[in-house]
>>> print(open('protein.pdb').read())   # PDB, C-alpha atoms
MODEL        1
ATOM      1  CA  MET T 283       0.000   0.000   0.000  1.00  0.00           C
ATOM      2  CA  ARG T 284       1.197   3.494  -0.827  1.00  0.00           C
ATOM      3  CA  GLN T 285      -0.440   5.359   2.019  1.00  0.00           C
ATOM      4  CA  GLU T 286       1.526   8.564   1.468  1.00  0.00           C
ATOM      5  CA  ASN T 287      -0.092   8.887  -1.972  1.00  0.00           C
ATOM      6  CA  GLU T 288      -3.595   7.954  -0.883  1.00  0.00           C
ATOM      7  CA  SER T 289      -4.942  11.496  -0.936  1.00  0.00           C
ATOM      8  CA  THR T 290      -3.666  12.054  -4.488  1.00  0.00           C
ATOM      9  CA  SER T 291      -4.375   8.593  -5.887  1.00  0.00           C
ATOM     10  CA  HIS T 292      -6.892   8.344  -8.671  1.00  0.00           C
ATOM     11  CA  HIS T 293      -8.999   5.201  -8.885  1.00  0.00           C
ATOM     12  CA  GLY T 294     -11.755   6.345 -11.263  1.00  0.00           C
ATOM     13  CA  GLU T 295     -14.003   7.409  -8.401  1.00  0.00           C
ATOM     14  CA  GLU T 296     -15.286  10.410 -10.344  1.00  0.00           C
ATOM     15  CA  SER T 297     -14.131   9.845 -13.921  1.00  0.00           C
ATOM     16  CA  CYS T 298     -15.353   6.339 -14.726  1.00  0.00           C
ATOM     17  CA  GLN T 299     -18.501   6.832 -16.810  1.00  0.00           C
ATOM     18  CA  LYS T 300     -21.417   4.519 -16.172  1.00  0.00           C
ATOM     19  CA  SER T 301     -22.858   2.529 -19.075  1.00  0.00           C
ATOM     20  CA  GLY T 302     -24.597  -0.335 -17.258  1.00  0.00           C
ATOM     21  CA  LYS T 303     -22.657  -3.107 -19.009  1.00  0.00           C
ATOM     22  CA  LEU T 304     -22.600  -5.230 -15.841  1.00  0.00           C
ATOM     23  CA  PHE T 305     -26.177  -4.565 -14.740  1.00  0.00           C
ATOM     24  CA  GLY T 306     -27.310  -7.245 -12.312  1.00  0.00           C
ATOM     25  CA  LYS T 307     -23.951  -9.010 -12.264  1.00  0.00           C
ATOM     26  CA  ILE T 308     -22.193 -10.122  -9.098  1.00  0.00           C
ATOM     27  CA  SER T 309     -18.454  -9.693  -8.866  1.00  0.00           C
ATOM     28  CA  LEU T 310     -15.973 -11.038  -6.336  1.00  0.00           C
ATOM     29  CA  ILE T 311     -12.601  -9.293  -6.449  1.00  0.00           C
ATOM     30  CA  THR T 312      -9.557  -9.977  -4.285  1.00  0.00           C
ATOM     31  CA  GLU T 313      -7.186  -7.263  -3.054  1.00  0.00           C
ATOM     32  CA  THR T 314      -9.452  -4.308  -3.732  1.00  0.00           C
ATOM     33  CA  ASP T 315      -8.148  -2.253  -0.847  1.00  0.00           C
ATOM     34  CA  SER T 316      -5.464  -0.553  -2.974  1.00  0.00           C
ATOM     35  CA  GLY T 317      -3.535  -0.842  -6.218  1.00  0.00           C
ATOM     36  CA  ILE T 318      -5.336  -2.037  -9.347  1.00  0.00           C
ATOM     37  CA  GLY T 319      -8.057  -3.801  -7.360  1.00  0.00           C
ATOM     38  CA  ARG T 320      -9.714  -0.601  -6.165  1.00  0.00           C
ATOM     39  CA  PRO T 321     -10.271   0.908  -9.638  1.00  0.00           C
ATOM     40  CA  VAL T 322     -11.539  -2.468 -10.883  1.00  0.00           C
ATOM     41  CA  ALA T 323     -14.065  -2.638  -8.026  1.00  0.00           C
ATOM     42  CA  ILE T 324     -15.164   0.961  -8.556  1.00  0.00           C
ATOM     43  CA  ALA T 325     -15.462   0.499 -12.330  1.00  0.00           C
ATOM     44  CA  PHE T 326     -17.496  -2.695 -11.905  1.00  0.00           C
ATOM     45  CA  ALA T 327     -19.818  -0.979  -9.431  1.00  0.00           C
ATOM     46  CA  ARG T 328     -20.181   1.999 -11.781  1.00  0.00           C
ATOM     47  CA  GLU T 329     -21.130  -0.526 -14.465  1.00  0.00           C
ATOM     48  CA  ASP T 330     -23.930  -1.708 -12.117  1.00  0.00           C
ATOM     49  CA  ALA T 331     -22.377  -4.869 -10.650  1.00  0.00           C
ATOM     50  CA  ASP T 332     -22.682  -5.732  -6.971  1.00  0.00           C
ATOM     51  CA  ILE T 333     -19.231  -6.080  -5.447  1.00  0.00           C
ATOM     52  CA  ALA T 334     -17.827  -8.522  -2.899  1.00  0.00           C
ATOM     53  CA  ILE T 335     -14.239  -7.766  -1.997  1.00  0.00           C
ATOM     54  CA  ALA T 336     -11.667  -9.804  -0.147  1.00  0.00           C
ATOM     55  CA  TYR T 337      -8.609  -8.118   1.250  1.00  0.00           C
ATOM     56  CA  TYR T 338      -5.582  -9.097   3.294  1.00  0.00           C
ATOM     57  CA  THR T 339      -4.915  -6.552   6.043  1.00  0.00           C
ATOM     58  CA  GLU T 340      -5.897  -3.063   4.911  1.00  0.00           C
ATOM     59  CA  ASP T 341      -9.179  -2.512   6.776  1.00  0.00           C
ATOM     60  CA  LYS T 342      -9.399   1.240   6.184  1.00  0.00           C
ATOM     61  CA  ASP T 343      -8.547   1.021   2.486  1.00  0.00           C
ATOM     62  CA  SER T 344     -11.026  -1.788   1.874  1.00  0.00           C
ATOM     63  CA  GLU T 345     -13.685   0.225   3.701  1.00  0.00           C
ATOM     64  CA  THR T 346     -12.979   3.175   1.384  1.00  0.00           C
ATOM     65  CA  THR T 347     -13.350   0.917  -1.665  1.00  0.00           C
ATOM     66  CA  VAL T 348     -16.714  -0.332  -0.396  1.00  0.00           C
ATOM     67  CA  GLU T 349     -17.869   3.238   0.250  1.00  0.00           C
ATOM     68  CA  TRP T 350     -17.026   4.269  -3.315  1.00  0.00           C
ATOM     69  CA  ALA T 351     -18.819   1.216  -4.708  1.00  0.00           C
ATOM     70  CA  GLN T 352     -21.885   1.941  -2.573  1.00  0.00           C
ATOM     71  CA  LYS T 353     -21.947   5.566  -3.775  1.00  0.00           C
ATOM     72  CA  THR T 354     -22.802   4.176  -7.214  1.00  0.00           C
ATOM     73  CA  GLY T 355     -25.971   2.695  -5.757  1.00  0.00           C
ATOM     74  CA  ARG T 356     -24.723  -0.883  -5.838  1.00  0.00           C
ATOM     75  CA  ARG T 357     -24.364  -3.307  -2.972  1.00  0.00           C
ATOM     76  CA  ALA T 358     -20.851  -3.925  -1.696  1.00  0.00           C
ATOM     77  CA  ILE T 359     -19.430  -6.095   1.069  1.00  0.00           C
ATOM     78  CA  ARG T 360     -15.910  -6.775   2.245  1.00  0.00           C
ATOM     79  CA  PHE T 361     -14.168  -9.403   4.270  1.00  0.00           C
ATOM     80  CA  PRO T 362     -10.597 -10.056   5.322  1.00  0.00           C
ATOM     81  CA  ARG T 363      -8.895 -13.200   4.112  1.00  0.00           C
ATOM     82  CA  SER T 364      -5.848 -15.273   4.792  1.00  0.00           C
ATOM     83  CA  TYR T 365      -3.323 -16.160   2.123  1.00  0.00           C
ATOM     84  CA  ARG T 366      -2.680 -19.474   3.795  1.00  0.00           C
ATOM     85  CA  LEU T 367      -5.994 -21.110   4.602  1.00  0.00           C
ATOM     86  CA  GLN T 368      -8.175 -22.870   2.050  1.00  0.00           C
ATOM     87  CA  SER T 369     -11.094 -22.572   4.465  1.00  0.00           C
ATOM     88  CA  HIS T 370     -10.976 -18.767   4.161  1.00  0.00           C
ATOM     89  CA  TYR T 371     -11.574 -18.989   0.416  1.00  0.00           C
ATOM     90  CA  ASN T 372     -14.505 -21.341   1.007  1.00  0.00           C
ATOM     91  CA  GLU T 373     -15.916 -18.807   3.486  1.00  0.00           C
ATOM     92  CA  ILE T 374     -15.456 -15.925   1.015  1.00  0.00           C
ATOM     93  CA  ILE T 375     -17.492 -17.774  -1.609  1.00  0.00           C
ATOM     94  CA  LYS T 376     -20.128 -18.818   0.924  1.00  0.00           C
ATOM     95  CA  ARG T 377     -20.594 -15.268   2.187  1.00  0.00           C
ATOM     96  CA  THR T 378     -20.742 -13.873  -1.346  1.00  0.00           C
ATOM     97  CA  VAL T 379     -23.398 -16.407  -2.359  1.00  0.00           C
ATOM     98  CA  ASP T 380     -25.350 -15.838   0.879  1.00  0.00           C
ATOM     99  CA  GLU T 381     -25.315 -12.037   0.454  1.00  0.00           C
ATOM    100  CA  PHE T 382     -25.709 -11.637  -3.314  1.00  0.00           C
ATOM    101  CA  GLY T 383     -26.181 -14.990  -5.028  1.00  0.00           C
ATOM    102  CA  GLN T 384     -23.928 -16.794  -7.457  1.00  0.00           C
ATOM    103  CA  PRO T 385     -20.991 -14.758  -8.781  1.00  0.00           C
ATOM    104  CA  ASP T 386     -20.738 -13.838 -12.458  1.00  0.00           C
ATOM    105  CA  ILE T 387     -17.214 -12.424 -12.318  1.00  0.00           C
ATOM    106  CA  LEU T 388     -14.292 -13.635 -10.227  1.00  0.00           C
ATOM    107  CA  VAL T 389     -11.192 -11.414 -10.275  1.00  0.00           C
ATOM    108  CA  ASN T 390      -8.127 -13.017  -8.686  1.00  0.00           C
ATOM    109  CA  ASN T 391      -6.090  -9.899  -8.141  1.00  0.00           C
ATOM    110  CA  ALA T 392      -4.179 -10.918  -5.001  1.00  0.00           C
ATOM    111  CA  ALA T 393      -0.474 -11.313  -5.582  1.00  0.00           C
ATOM    112  CA  CYS T 394       2.789 -11.162  -3.718  1.00  0.00           C
ATOM    113  CA  GLN T 395       6.046  -9.967  -5.170  1.00  0.00           C
ATOM    114  CA  LYS T 396       9.137  -8.695  -3.409  1.00  0.00           C
ATOM    115  CA  SER T 397      11.932  -6.899  -5.206  1.00  0.00           C
ATOM    116  CA  VAL T 398      15.461  -7.566  -4.063  1.00  0.00           C
ATOM    117  CA  THR T 399      18.840  -6.488  -5.352  1.00  0.00           C
ATOM    118  CA  GLU T 400      20.594  -9.670  -4.390  1.00  0.00           C
ATOM    119  CA  PHE T 401      19.194 -13.171  -4.765  1.00  0.00           C
ATOM    120  CA  SER T 402      20.688 -14.000  -1.383  1.00  0.00           C
ATOM    121  CA  GLU T 403      18.329 -11.453   0.265  1.00  0.00           C
ATOM    122  CA  ILE T 404      15.381 -13.822  -0.121  1.00  0.00           C
ATOM    123  CA  ASN T 405      14.711 -15.545   3.189  1.00  0.00           C
ATOM    124  CA  GLU T 406      13.297 -19.042   3.519  1.00  0.00           C
ATOM    125  CA  GLU T 407       9.698 -17.886   4.183  1.00  0.00           C
ATOM    126  CA  GLU T 408       9.389 -15.643   1.117  1.00  0.00           C
ATOM    127  CA  PRO T 409       9.165 -18.336  -1.599  1.00  0.00           C
ATOM    128  CA  ASP T 410       6.443 -20.095   0.383  1.00  0.00           C
ATOM    129  CA  THR T 411       4.516 -16.854   0.957  1.00  0.00           C
ATOM    130  CA  THR T 412       4.794 -15.902  -2.711  1.00  0.00           C
ATOM    131  CA  PHE T 413       3.701 -19.329  -3.951  1.00  0.00           C
ATOM    132  CA  ARG T 414       0.847 -19.600  -1.452  1.00  0.00           C
ATOM    133  CA  THR T 415      -0.408 -16.164  -2.424  1.00  0.00           C
ATOM    134  CA  ASN T 416       0.073 -16.250  -6.181  1.00  0.00           C
ATOM    135  CA  PHE T 417      -0.769 -19.871  -6.886  1.00  0.00           C
ATOM    136  CA  ASN T 418      -2.603 -21.392  -3.932  1.00  0.00           C
ATOM    137  CA  GLY T 419      -4.795 -18.333  -3.384  1.00  0.00           C
ATOM    138  CA  THR T 420      -5.945 -18.315  -7.001  1.00  0.00           C
ATOM    139  CA  PHE T 421      -6.369 -22.089  -7.029  1.00  0.00           C
ATOM    140  CA  PHE T 422      -8.336 -22.243  -3.749  1.00  0.00           C
ATOM    141  CA  LEU T 423     -10.607 -19.353  -4.680  1.00  0.00           C
ATOM    142  CA  CYS T 424     -11.402 -20.843  -8.103  1.00  0.00           C
ATOM    143  CA  GLN T 425     -11.906 -24.260  -6.535  1.00  0.00           C
ATOM    144  CA  ALA T 426     -14.312 -22.855  -3.943  1.00  0.00           C
ATOM    145  CA  ALA T 427     -16.177 -20.808  -6.559  1.00  0.00           C
ATOM    146  CA  LEU T 428     -16.457 -23.429  -9.289  1.00  0.00           C
ATOM    147  CA  SER T 429     -19.766 -24.961  -8.232  1.00  0.00           C
ATOM    148  CA  HIS T 430     -21.246 -21.511  -7.530  1.00  0.00           C
ATOM    149  CA  LEU T 431     -20.376 -19.628 -10.719  1.00  0.00           C
ATOM    150  CA  ASN T 432     -23.238 -18.655 -13.000  1.00  0.00           C
ATOM    151  CA  SER T 433     -23.350 -20.035 -16.515  1.00  0.00           C
ATOM    152  CA  GLY T 434     -21.093 -17.866 -18.686  1.00  0.00           C
ATOM    153  CA  ALA T 435     -19.174 -16.548 -15.676  1.00  0.00           C
ATOM    154  CA  SER T 436     -15.721 -15.027 -16.131  1.00  0.00           C
ATOM    155  CA  VAL T 437     -12.599 -15.757 -14.106  1.00  0.00           C
ATOM    156  CA  ILE T 438      -9.829 -13.178 -14.374  1.00  0.00           C
ATOM    157  CA  LYS T 439      -6.321 -13.512 -12.950  1.00  0.00           C
ATOM    158  CA  HIS T 440      -4.173 -10.417 -12.667  1.00  0.00           C
ATOM    159  CA  LYS T 441      -0.694 -11.046 -14.072  1.00  0.00           C
ATOM    160  CA  LEU T 442       2.334  -9.857 -12.157  1.00  0.00           C
ATOM    161  CA  ASP T 443       4.608  -7.589 -14.153  1.00  0.00           C
TER
ENDMDL
END
>>> encode(input="protein.pdb", output="structure tokens")
Amino acid sequence: MRQENESTSHHGEESCQKSGKLFGKISLITETDSGIGRPVAIAFAREDADIAIAYYTEDKDSETTVEWAQKTGRRAIRFPRSYRLQSHYNEIIKRTVDEFGQPDILVNNAACQKSVTEFSEINEEEPDTTFRTNFNGTFFLCQAALSHLNSGASVIKHKLD
């Protein structure tokens, strides 16, 4: 999170023009508290989708994302998640289905990447954290969602640069 830039960040809150392309759709997006996830959530809400967001630790930022989505007149909920527990992904899907119904769009935006100058700087926990976040998280969320996705649903995975 880039908290020092939060007041100047632009996430499409005012500029994203509504066209209703996602009217009545339900979207579940991970990591919508900051970065690319927030503008995706706001854009989807402005396109008339209800938004369920899962975030890691940024309570305040995720709350802000929900507020912007709700300002569009759409329903929005949020819940924290763990990168490590498959049961958390099952709970995310269950809560989304209970609140909104079956999802139409699943955006796997959560990712972990650490830049280092020297390969030797990587400690023994970092490969596990990165793999669990980038692979297991996507896998577990898709696995939990599979039987709940609407016909014609879309699954999107954000690619790390």
>>> resolve_selection(input="protein.pdb", expression="the PyMOL selection byres ((chain T and resi 310-312) around 8)", output="PyMOL selection string")
chain T and resi 308-309+313-314+319+323+333-337+378+385+387-392
>>> closest_residue(input="protein.pdb", among="T:Asp330, T:Asp386, T:Asp380, T:Asp341", to="T:Asn432", atoms="only C-alpha atoms")
T:Asp386
>>> atom_distance(input="protein.pdb", atom1="atom CA of T:Arg328", atom2="atom CA of T:Thr354")
5.7 Å
>>> resolve_selection(input="protein.pdb", expression="the PyMOL selection byres ((chain T and resi 356) around 10)", output="list in words")
Phe305, Gly306, Phe326, Ala327, Arg328, Glu329, Asp330, Ala331, Asp332, Ile333, Val348, Trp350, Ala351, Gln352, Lys353, Thr354, Gly355, Arg357 and Ala358 of chain T
>>> residues_around(input="protein.pdb", residues="T:Phe422", least_positions_apart="5", cutoff="10 Å", atoms="only C-alpha atoms", output="JSON, numbers by chain")
{"T": [365, 366, 367, 368, 369, 370, 371, 372, 414, 417, 427, 428]}
>>> atom_distance(input="protein.pdb", atom1="atom CA of T:Cys424", atom2="atom CA of T:Ser397")
27.3 Å
>>> closest_residue(input="protein.pdb", among="T:Val322, T:Cys394, T:Ala426, T:Ile359", to="T:Glu381", atoms="all atoms listed in the file")
T:Ile359
>>> atom_distance(input="protein.pdb", atom1="atom CA of T:Ala393", atom2="atom CA of T:Thr415")
5.8 Å
>>> closest_residue(input="protein.pdb", among="T:Ile438, T:Val398, T:Ile324, T:Leu431", to="T:Glu349", atoms="all atoms listed in the file")
T:Ile324
>>> axis_aligned_box(input="protein.pdb", around="stretch 427-436 of chain T", padding_each_side="4 Å", output="JSON")
{"center_x": -19.5, "center_y": -20.0, "center_z": -12.6, "size_x": 15.6, "size_y": 17.9, "size_z": 20.1}
>>> closest_residue(input="protein.pdb", among="T:Thr347, T:Gln395, T:Ser429, T:Ser301", to="T:Val379", atoms="all atoms listed in the file")
T:Ser429
>>> closest_residue(input="protein.pdb", among="T:Gln384, T:Phe401, T:Lys439, T:Glu345", to="T:Thr420", atoms="only C-alpha atoms")
T:Lys439
